[in-house]
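> Have a look at this one.
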Amino acid sequence: MTFTREQLQRLAAGRILVIGDVMLDHFIWGHVRRISPEAPVPIVEVTREEFYPGGAANVARNISPFSPHTHLMGRVGKDMAADRLRALLIEDKVDPAPLLVHETLPTISKARVSARQQQIVRVDREKLLPLTDAELIDVEQRVRDLAPNLDAIILEDYGKGFMTEKLMQLVAKIAAEHQLIVTVDPSPRNPLSWAGVSIVKPNRLEAFAAAGLEDHLLPGPPLENKELLEVGRVLLAKWNVTSVLVTLGEHGMMLFERDHAPHHIPTRAREVFDVSGAGDTAIALLTLALAAEFSLHDAADIANHASGIVVGKLGTATLTPDELLAAFS
């Protein structure tokens, strides 16, 4: 497809609510010169540290450079991590007002310590509890309040407790009432029925796991991979959805639609440095393009170009509108 600046500008009208497991990503870089005298571990002399919105918050962060109408719903604690996350979201022009605050649960955070481009340790703070009935009532009211001013909802599931069957059904019901697009980035740790959503976007590993099939990484083009084709058929039936988009890393994407032949989209990545965050970018731009009334094939192509840019960057990176436009030239 061609992608012009006028088409790029269409994305700016998209009004998106991201719902899911929000996190704070903390990156610490430093030098290692000696081993600790207290234990056989390296001492990291910190030279730089940065914080970024993570999980579902990173999806919202990927949308905000393209549209000023980005909202985020999830659960945070009453702690400094939540304060920092809100500040980062506001800086990225993401609306944090829909976030729920839990009195005792910590804000999910992941601190990664690296030296000489090698991650040494990751420190996680999380306590996984599903939404309570009281929280679900709160979520329903917030979604209903936002729904008249939305075009699409993204359900971003990292298997951390926020996404439940009841929540999914509630969102699908409200979306149907307001004719909203609902896209899903699923977690294999939290198998849910996705009936009622518009499209589900697993990666290859998640897709095979959800279909209950083993991936033997057969050689040859994806459209000739019988195992992959069977995965698409199984997931369309299992999830009772009309579309499934499977991201395939260096092999691009495969779009499965009910009553249509599978459609392969080759990768656009020139170089791959870091795949972290590529799935977040894919679901963000896919949904934004669908909200701007691009066809499903064109929306998937836009998402594929966007992911191809992000994997060429280190860390949980995002892309700019100009970078996306240049990728089509």
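Going by the structure tokens order, chains are called A, B, ..., each with residues numbered from 1, while ligands are numbered from 1 in the order shown.
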Please, which residues of stretch 117-268 of chain A, numbered as in this document, come out strand (DSSP E or B) from DSSP, as a PyMOL selection string?

chain A and resi 118-125+152-156+181-185+199-200+203+243-247+253-257+263-265

> From stretch 51-149 of chain A, collect each residue whose DSSP state is alpha helix (DSSP H) and return the set as a PDB file with N, CA, C and O atoms, in the first residue's frame.


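Contents of the output file out-v1.pdb:
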```
ATOM      1  N   ALA A  56       0.607  -2.425  29.507  1.00  0.00           N
ATOM      2  CA  ALA A  56      -0.444  -1.718  28.781  1.00  0.00           C
ATOM      3  C   ALA A  56      -0.131  -0.231  28.654  1.00  0.00           C
ATOM      4  O   ALA A  56      -0.557   0.425  27.693  1.00  0.00           O
ATOM      5  N   ALA A  57       0.615   0.317  29.614  1.00  0.00           N
ATOM      6  CA  ALA A  57       0.988   1.728  29.545  1.00  0.00           C
ATOM      7  C   ALA A  57       1.906   2.000  28.355  1.00  0.00           C
ATOM      8  O   ALA A  57       1.865   3.089  27.770  1.00  0.00           O
ATOM      9  N   ASN A  58       2.725   1.023  27.988  1.00  0.00           N
ATOM     10  CA  ASN A  58       3.588   1.194  26.824  1.00  0.00           C
ATOM     11  C   ASN A  58       2.780   1.192  25.533  1.00  0.00           C
ATOM     12  O   ASN A  58       3.140   1.860  24.564  1.00  0.00           O
ATOM     13  N   VAL A  59       1.683   0.431  25.507  1.00  0.00           N
ATOM     14  CA  VAL A  59       0.799   0.455  24.337  1.00  0.00           C
ATOM     15  C   VAL A  59       0.222   1.857  24.163  1.00  0.00           C
ATOM     16  O   VAL A  59       0.229   2.426  23.064  1.00  0.00           O
ATOM     17  N   ALA A  60      -0.284   2.441  25.262  1.00  0.00           N
ATOM     18  CA  ALA A  60      -0.827   3.799  25.198  1.00  0.00           C
ATOM     19  C   ALA A  60       0.249   4.791  24.761  1.00  0.00           C
ATOM     20  O   ALA A  60      -0.008   5.713  23.978  1.00  0.00           O
ATOM     21  N   ARG A  61       1.453   4.590  25.255  1.00  0.00           N
ATOM     22  CA  ARG A  61       2.582   5.469  24.904  1.00  0.00           C
ATOM     23  C   ARG A  61       2.909   5.382  23.410  1.00  0.00           C
ATOM     24  O   ARG A  61       3.373   6.368  22.810  1.00  0.00           O
ATOM     25  N   ASN A  62       2.656   4.226  22.800  1.00  0.00           N
ATOM     26  CA  ASN A  62       2.896   4.078  21.360  1.00  0.00           C
ATOM     27  C   ASN A  62       1.841   4.784  20.517  1.00  0.00           C
ATOM     28  O   ASN A  62       2.103   5.142  19.372  1.00  0.00           O
ATOM     29  N   ILE A  63       0.657   4.968  21.082  1.00  0.00           N
ATOM     30  CA  ILE A  63      -0.418   5.631  20.349  1.00  0.00           C
ATOM     31  C   ILE A  63      -0.274   7.143  20.403  1.00  0.00           C
ATOM     32  O   ILE A  63      -0.540   7.851  19.427  1.00  0.00           O
ATOM     33  N   MET A  80       5.083   5.452  45.224  1.00  0.00           N
ATOM     34  CA  MET A  80       5.883   6.360  44.411  1.00  0.00           C
ATOM     35  C   MET A  80       5.951   5.904  42.960  1.00  0.00           C
ATOM     36  O   MET A  80       6.039   6.732  42.053  1.00  0.00           O
ATOM     37  N   ALA A  81       5.887   4.585  42.744  1.00  0.00           N
ATOM     38  CA  ALA A  81       5.911   4.070  41.371  1.00  0.00           C
ATOM     39  C   ALA A  81       4.696   4.569  40.600  1.00  0.00           C
ATOM     40  O   ALA A  81       4.796   4.920  39.417  1.00  0.00           O
ATOM     41  N   ALA A  82       3.537   4.592  41.240  1.00  0.00           N
ATOM     42  CA  ALA A  82       2.322   5.090  40.595  1.00  0.00           C
ATOM     43  C   ALA A  82       2.449   6.572  40.278  1.00  0.00           C
ATOM     44  O   ALA A  82       2.044   7.032  39.197  1.00  0.00           O
ATOM     45  N   ASP A  83       3.020   7.332  41.198  1.00  0.00           N
ATOM     46  CA  ASP A  83       3.213   8.768  40.972  1.00  0.00           C
ATOM     47  C   ASP A  83       4.136   9.002  39.778  1.00  0.00           C
ATOM     48  O   ASP A  83       3.878   9.860  38.927  1.00  0.00           O
ATOM     49  N   ARG A  84       5.213   8.219  39.713  1.00  0.00           N
ATOM     50  CA  ARG A  84       6.165   8.373  38.605  1.00  0.00           C
ATOM     51  C   ARG A  84       5.511   7.972  37.284  1.00  0.00           C
ATOM     52  O   ARG A  84       5.695   8.624  36.252  1.00  0.00           O
ATOM     53  N   LEU A  85       4.723   6.883  37.325  1.00  0.00           N
ATOM     54  CA  LEU A  85       4.057   6.414  36.111  1.00  0.00           C
ATOM     55  C   LEU A  85       3.075   7.463  35.591  1.00  0.00           C
ATOM     56  O   LEU A  85       3.045   7.753  34.386  1.00  0.00           O
ATOM     57  N   ARG A  86       2.291   8.043  36.490  1.00  0.00           N
ATOM     58  CA  ARG A  86       1.345   9.083  36.063  1.00  0.00           C
ATOM     59  C   ARG A  86       2.074  10.280  35.439  1.00  0.00           C
ATOM     60  O   ARG A  86       1.639  10.812  34.418  1.00  0.00           O
ATOM     61  N   ALA A  87       3.174  10.671  36.054  1.00  0.00           N
ATOM     62  CA  ALA A  87       3.941  11.801  35.520  1.00  0.00           C
ATOM     63  C   ALA A  87       4.467  11.492  34.113  1.00  0.00           C
ATOM     64  O   ALA A  87       4.425  12.354  33.219  1.00  0.00           O
ATOM     65  N   LEU A  88       4.946  10.270  33.917  1.00  0.00           N
ATOM     66  CA  LEU A  88       5.437   9.871  32.593  1.00  0.00           C
ATOM     67  C   LEU A  88       4.308   9.851  31.568  1.00  0.00           C
ATOM     68  O   LEU A  88       4.486  10.267  30.415  1.00  0.00           O
ATOM     69  N   LEU A  89       3.142   9.366  31.966  1.00  0.00           N
ATOM     70  CA  LEU A  89       1.999   9.308  31.058  1.00  0.00           C
ATOM     71  C   LEU A  89       1.562  10.712  30.651  1.00  0.00           C
ATOM     72  O   LEU A  89       1.297  10.979  29.466  1.00  0.00           O
ATOM     73  N   ILE A  90       1.496  11.602  31.617  1.00  0.00           N
ATOM     74  CA  ILE A  90       1.105  12.982  31.309  1.00  0.00           C
ATOM     75  C   ILE A  90       2.127  13.627  30.380  1.00  0.00           C
ATOM     76  O   ILE A  90       1.776  14.345  29.430  1.00  0.00           O
ATOM     77  N   GLU A  91       3.404  13.335  30.617  1.00  0.00           N
ATOM     78  CA  GLU A  91       4.471  13.847  29.738  1.00  0.00           C
ATOM     79  C   GLU A  91       4.304  13.317  28.320  1.00  0.00           C
ATOM     80  O   GLU A  91       4.574  14.025  27.341  1.00  0.00           O
ATOM     81  N   ASP A 133     -15.257  -7.779  42.563  1.00  0.00           N
ATOM     82  CA  ASP A 133     -16.554  -7.349  42.036  1.00  0.00           C
ATOM     83  C   ASP A 133     -16.720  -5.839  42.175  1.00  0.00           C
ATOM     84  O   ASP A 133     -17.276  -5.175  41.291  1.00  0.00           O
ATOM     85  N   ALA A 134     -16.222  -5.289  43.284  1.00  0.00           N
ATOM     86  CA  ALA A 134     -16.320  -3.842  43.492  1.00  0.00           C
ATOM     87  C   ALA A 134     -15.498  -3.085  42.446  1.00  0.00           C
ATOM     88  O   ALA A 134     -15.941  -2.054  41.916  1.00  0.00           O
ATOM     89  N   GLU A 135     -14.304  -3.600  42.146  1.00  0.00           N
ATOM     90  CA  GLU A 135     -13.468  -2.963  41.116  1.00  0.00           C
ATOM     91  C   GLU A 135     -14.124  -3.069  39.746  1.00  0.00           C
ATOM     92  O   GLU A 135     -14.046  -2.140  38.931  1.00  0.00           O
ATOM     93  N   LEU A 136     -14.772  -4.189  39.476  1.00  0.00           N
ATOM     94  CA  LEU A 136     -15.432  -4.378  38.189  1.00  0.00           C
ATOM     95  C   LEU A 136     -16.573  -3.372  38.006  1.00  0.00           C
ATOM     96  O   LEU A 136     -16.778  -2.846  36.903  1.00  0.00           O
ATOM     97  N   ILE A 137     -17.301  -3.099  39.066  1.00  0.00           N
ATOM     98  CA  ILE A 137     -18.353  -2.081  39.007  1.00  0.00           C
ATOM     99  C   ILE A 137     -17.752  -0.717  38.688  1.00  0.00           C
ATOM    100  O   ILE A 137     -18.288   0.061  37.883  1.00  0.00           O
ATOM    101  N   ASP A 138     -16.617  -0.419  39.311  1.00  0.00           N
ATOM    102  CA  ASP A 138     -15.910   0.838  39.064  1.00  0.00           C
ATOM    103  C   ASP A 138     -15.459   0.914  37.604  1.00  0.00           C
ATOM    104  O   ASP A 138     -15.620   1.944  36.934  1.00  0.00           O
ATOM    105  N   VAL A 139     -14.903  -0.194  37.104  1.00  0.00           N
ATOM    106  CA  VAL A 139     -14.455  -0.248  35.708  1.00  0.00           C
ATOM    107  C   VAL A 139     -15.627   0.000  34.765  1.00  0.00           C
ATOM    108  O   VAL A 139     -15.524   0.768  33.796  1.00  0.00           O
ATOM    109  N   GLU A 140     -16.753  -0.657  35.026  1.00  0.00           N
ATOM    110  CA  GLU A 140     -17.918  -0.496  34.149  1.00  0.00           C
ATOM    111  C   GLU A 140     -18.342   0.964  34.057  1.00  0.00           C
ATOM    112  O   GLU A 140     -18.610   1.477  32.957  1.00  0.00           O
ATOM    113  N   GLN A 141     -18.398   1.642  35.191  1.00  0.00           N
ATOM    114  CA  GLN A 141     -18.811   3.040  35.179  1.00  0.00           C
ATOM    115  C   GLN A 141     -17.830   3.900  34.394  1.00  0.00           C
ATOM    116  O   GLN A 141     -18.236   4.773  33.600  1.00  0.00           O
ATOM    117  N   ARG A 142     -16.537   3.641  34.577  1.00  0.00           N
ATOM    118  CA  ARG A 142     -15.531   4.448  33.876  1.00  0.00           C
ATOM    119  C   ARG A 142     -15.566   4.201  32.369  1.00  0.00           C
ATOM    120  O   ARG A 142     -15.431   5.141  31.576  1.00  0.00           O
ATOM    121  N   VAL A 143     -15.731   2.940  31.970  1.00  0.00           N
ATOM    122  CA  VAL A 143     -15.796   2.634  30.539  1.00  0.00           C
ATOM    123  C   VAL A 143     -17.054   3.239  29.927  1.00  0.00           C
ATOM    124  O   VAL A 143     -17.018   3.791  28.817  1.00  0.00           O
ATOM    125  N   ARG A 144     -18.173   3.138  30.623  1.00  0.00           N
ATOM    126  CA  ARG A 144     -19.424   3.722  30.102  1.00  0.00           C
ATOM    127  C   ARG A 144     -19.312   5.239  29.969  1.00  0.00           C
ATOM    128  O   ARG A 144     -19.850   5.833  29.023  1.00  0.00           O
ATOM    129  N   ASP A 145     -18.635   5.870  30.904  1.00  0.00           N
ATOM    130  CA  ASP A 145     -18.455   7.318  30.815  1.00  0.00           C
ATOM    131  C   ASP A 145     -17.603   7.708  29.608  1.00  0.00           C
ATOM    132  O   ASP A 145     -17.848   8.745  28.968  1.00  0.00           O
ATOM    133  N   LEU A 146     -16.603   6.888  29.292  1.00  0.00           N
ATOM    134  CA  LEU A 146     -15.691   7.196  28.189  1.00  0.00           C
ATOM    135  C   LEU A 146     -16.235   6.775  26.827  1.00  0.00           C
ATOM    136  O   LEU A 146     -15.903   7.385  25.800  1.00  0.00           O
TER     137      LEU A 146
END
```

> Give me the residues within 12 Å of A:Leu290 as a list in words, counting only C-alpha atoms and dropping any in the same chain fewer than 6 places off.

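In the requested form, the answer reads Arg10, Leu11, Ala13, Gly14, Arg15, Ile16, Asp151, Ala152, Ile153, Ile154, Leu180, Ile181, Val182, Thr183, Ser198, Ile199, Ile283, Ala284, Leu296, His297, Asp298, Ala299, Ala300, Asp301, Ile302 and Ala303 of chain A.
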
> Would you mind reading off the distance between atom CA of A:Gly279 and atom CA of A:Ala306, one decimal, in Å?

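According to the coordinates, atom CA of A:Gly279 and atom CA of A:Ala306 are separated by 10.1 Å.
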
> Find the residues near A:Pro266: any atom within 10 Å, counting only C-alpha atoms, skip ones fewer than 5 places away on the same chain, and give them as an MDAnalysis selection string.

chainID A and resid 221:222 248:254 301 304:305

> Just the selected residues (all heavy atoms), exported as a compact mmCIF listing (two decimals), in the first residue's frame, please.


```txt
# COMPACT_ATOMS: atom_id res chain seq x y z
N PRO A 221 7.96 -20.66 3.08
CA PRO A 221 7.11 -19.49 3.27
C PRO A 221 5.98 -19.76 4.26
O PRO A 221 5.46 -20.88 4.31
CB PRO A 221 6.55 -19.22 1.86
CG PRO A 221 7.46 -19.95 0.93
CD PRO A 221 7.96 -21.13 1.68
N PRO A 222 5.58 -18.76 5.04
CA PRO A 222 4.50 -18.94 6.01
C PRO A 222 3.20 -19.46 5.40
O PRO A 222 2.48 -20.24 6.02
CB PRO A 222 4.32 -17.54 6.61
CG PRO A 222 5.67 -16.92 6.50
CD PRO A 222 6.23 -17.43 5.20
N LEU A 248 4.93 -12.74 13.44
CA LEU A 248 5.88 -13.83 13.20
C LEU A 248 7.33 -13.39 13.29
O LEU A 248 8.22 -14.05 12.74
CB LEU A 248 5.62 -14.44 11.82
CG LEU A 248 4.20 -14.96 11.55
CD1 LEU A 248 4.06 -15.37 10.09
CD2 LEU A 248 3.89 -16.15 12.47
N GLY A 249 7.60 -12.29 13.98
CA GLY A 249 8.99 -11.84 14.10
C GLY A 249 9.60 -11.51 12.75
O GLY A 249 9.05 -10.71 11.98
N GLU A 250 10.71 -12.14 12.43
CA GLU A 250 11.41 -11.85 11.18
C GLU A 250 10.64 -12.28 9.94
O GLU A 250 11.03 -11.96 8.81
CB GLU A 250 12.80 -12.51 11.18
CG GLU A 250 12.79 -14.02 11.13
CD GLU A 250 12.73 -14.67 12.49
OE1 GLU A 250 12.28 -14.00 13.45
OE2 GLU A 250 13.12 -15.85 12.59
N HIS A 251 9.54 -13.02 10.13
CA HIS A 251 8.72 -13.46 9.00
C HIS A 251 7.48 -12.59 8.80
O HIS A 251 6.60 -12.94 8.01
CB HIS A 251 8.31 -14.92 9.16
CG HIS A 251 9.47 -15.87 9.22
ND1 HIS A 251 10.31 -16.08 8.14
CD2 HIS A 251 9.95 -16.64 10.22
CE1 HIS A 251 11.26 -16.95 8.47
NE2 HIS A 251 11.06 -17.30 9.73
N GLY A 252 7.38 -11.47 9.51
CA GLY A 252 6.28 -10.55 9.29
C GLY A 252 5.04 -10.90 10.10
O GLY A 252 5.11 -11.19 11.29
N MET A 253 3.90 -10.93 9.43
CA MET A 253 2.62 -11.21 10.07
C MET A 253 1.76 -12.09 9.17
O MET A 253 1.91 -12.06 7.95
CB MET A 253 1.86 -9.91 10.36
CG MET A 253 2.56 -8.93 11.28
SD MET A 253 1.56 -7.43 11.50
CE MET A 253 2.55 -6.55 12.71
N MET A 254 0.84 -12.82 9.81
CA MET A 254 -0.12 -13.61 9.05
C MET A 254 -1.51 -13.26 9.54
O MET A 254 -1.81 -13.34 10.74
CB MET A 254 0.14 -15.10 9.25
CG MET A 254 -0.79 -15.99 8.42
SD MET A 254 -0.22 -16.18 6.72
CE MET A 254 0.76 -17.66 6.90
N ASP A 301 -0.81 -3.81 7.60
CA ASP A 301 0.42 -3.38 6.92
C ASP A 301 1.05 -2.20 7.65
O ASP A 301 2.27 -2.13 7.82
CB ASP A 301 0.10 -3.00 5.47
CG ASP A 301 1.34 -2.98 4.58
OD1 ASP A 301 2.36 -3.58 4.96
OD2 ASP A 301 1.29 -2.36 3.51
N ASN A 304 2.68 -3.51 10.70
CA ASN A 304 3.89 -4.24 10.34
C ASN A 304 5.05 -3.28 10.08
O ASN A 304 6.19 -3.52 10.52
CB ASN A 304 3.62 -5.10 9.10
CG ASN A 304 4.71 -6.10 8.83
OD1 ASN A 304 5.21 -6.76 9.74
ND2 ASN A 304 5.12 -6.23 7.58
N HIS A 305 4.78 -2.20 9.37
CA HIS A 305 5.82 -1.19 9.15
C HIS A 305 6.27 -0.58 10.47
O HIS A 305 7.47 -0.37 10.70
CB HIS A 305 5.30 -0.08 8.22
CG HIS A 305 5.38 -0.40 6.77
ND1 HIS A 305 4.46 -1.20 6.13
CD2 HIS A 305 6.28 -0.04 5.81
CE1 HIS A 305 4.78 -1.30 4.84
NE2 HIS A 305 5.88 -0.61 4.63
```

> Residues within 12 Å of stretch 259-261 of chain A, please, as a CSV table (one decimal) with N, CA, C and O atoms, in the first residue's frame. Count only C-alpha atoms; anything in the same chain fewer than 5 positions from it doesn't count.


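Dumped everything to result-v8.csv:
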```csv
chain,number,residue,atom,x,y,z
A,223,LEU,N,2.9,-19.0,4.2
A,223,LEU,CA,1.6,-19.5,3.5
A,223,LEU,C,1.7,-21.0,3.2
A,223,LEU,O,0.6,-21.5,2.9
A,229,LEU,N,-0.9,-22.6,9.4
A,229,LEU,CA,-2.3,-22.5,8.8
A,229,LEU,C,-3.3,-23.2,9.7
A,229,LEU,O,-4.4,-22.7,9.9
A,232,GLY,N,-4.1,-20.9,12.7
A,232,GLY,CA,-5.1,-19.9,12.3
A,232,GLY,C,-6.5,-20.4,12.3
A,232,GLY,O,-7.4,-19.8,12.8
A,233,ARG,N,-6.7,-21.6,11.7
A,233,ARG,CA,-8.0,-22.2,11.7
A,233,ARG,C,-8.6,-22.5,13.1
A,233,ARG,O,-9.7,-22.2,13.4
A,236,LEU,N,-9.5,-19.2,15.1
A,236,LEU,CA,-10.7,-18.5,14.6
A,236,LEU,C,-11.9,-19.2,15.3
A,236,LEU,O,-12.9,-18.6,15.7
A,237,ALA,N,-11.8,-20.5,15.3
A,237,ALA,CA,-13.0,-21.3,15.9
A,237,ALA,C,-13.0,-21.2,17.4
A,237,ALA,O,-14.0,-21.0,18.0
A,241,VAL,N,-13.9,-15.5,16.8
A,241,VAL,CA,-13.7,-14.2,16.3
A,241,VAL,C,-13.6,-14.2,14.8
A,241,VAL,O,-13.4,-15.3,14.2
A,242,THR,N,-13.8,-13.1,14.1
A,242,THR,CA,-13.7,-13.0,12.7
A,242,THR,C,-12.3,-12.9,12.1
A,242,THR,O,-12.0,-13.2,11.0
A,243,SER,N,-11.3,-12.4,13.0
A,243,SER,CA,-10.0,-12.2,12.5
A,243,SER,C,-9.0,-12.4,13.6
A,243,SER,O,-9.2,-12.1,14.8
A,244,VAL,N,-7.8,-13.0,13.2
A,244,VAL,CA,-6.7,-13.3,14.1
A,244,VAL,C,-5.4,-12.8,13.3
A,244,VAL,O,-5.2,-13.2,12.2
A,254,MET,N,0.8,-12.8,9.8
A,254,MET,CA,-0.1,-13.6,9.1
A,254,MET,C,-1.5,-13.3,9.5
A,254,MET,O,-1.8,-13.3,10.7
A,297,HIS,N,-6.5,-5.2,6.0
A,297,HIS,CA,-5.3,-5.5,5.4
A,297,HIS,C,-4.3,-4.3,5.5
A,297,HIS,O,-3.1,-4.4,5.8
```

> Could you tell me how far atom CA of A:His263 lies from atom CA of A:Gln179, in Å and to one decimal?

25.9 Å

> Out of A:Gly212, A:Pro106, A:Pro202, A:Pro37, which residue has the shortest atom-to-atom distance to A:Val22 when counting only C-alpha atoms?

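Closest candidate: A:Pro106.
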
> Residues at most 8 Å from A:Pro65, counting only C-alpha atoms, excluding those fewer than 4 positions away in the same chain, as an MDAnalysis selection string?

chainID A and resid 61 92 319:321

> Identify, on the basis of only C-alpha atoms, every residue whose closest approach to A:Ser187 does not exceed 10 Å; exclude the query and any residue fewer than 5 positions from it along the same chain; express the result as a PyMOL selection string.

chain A and resi 156-160+163+192+202-203+206-207+209-210

> Atom CA of A:Gln119 to atom CA of A:Trp29: how many Å, to one decimal?

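Separation of atom CA of A:Gln119 and atom CA of A:Trp29: 8.9 Å.
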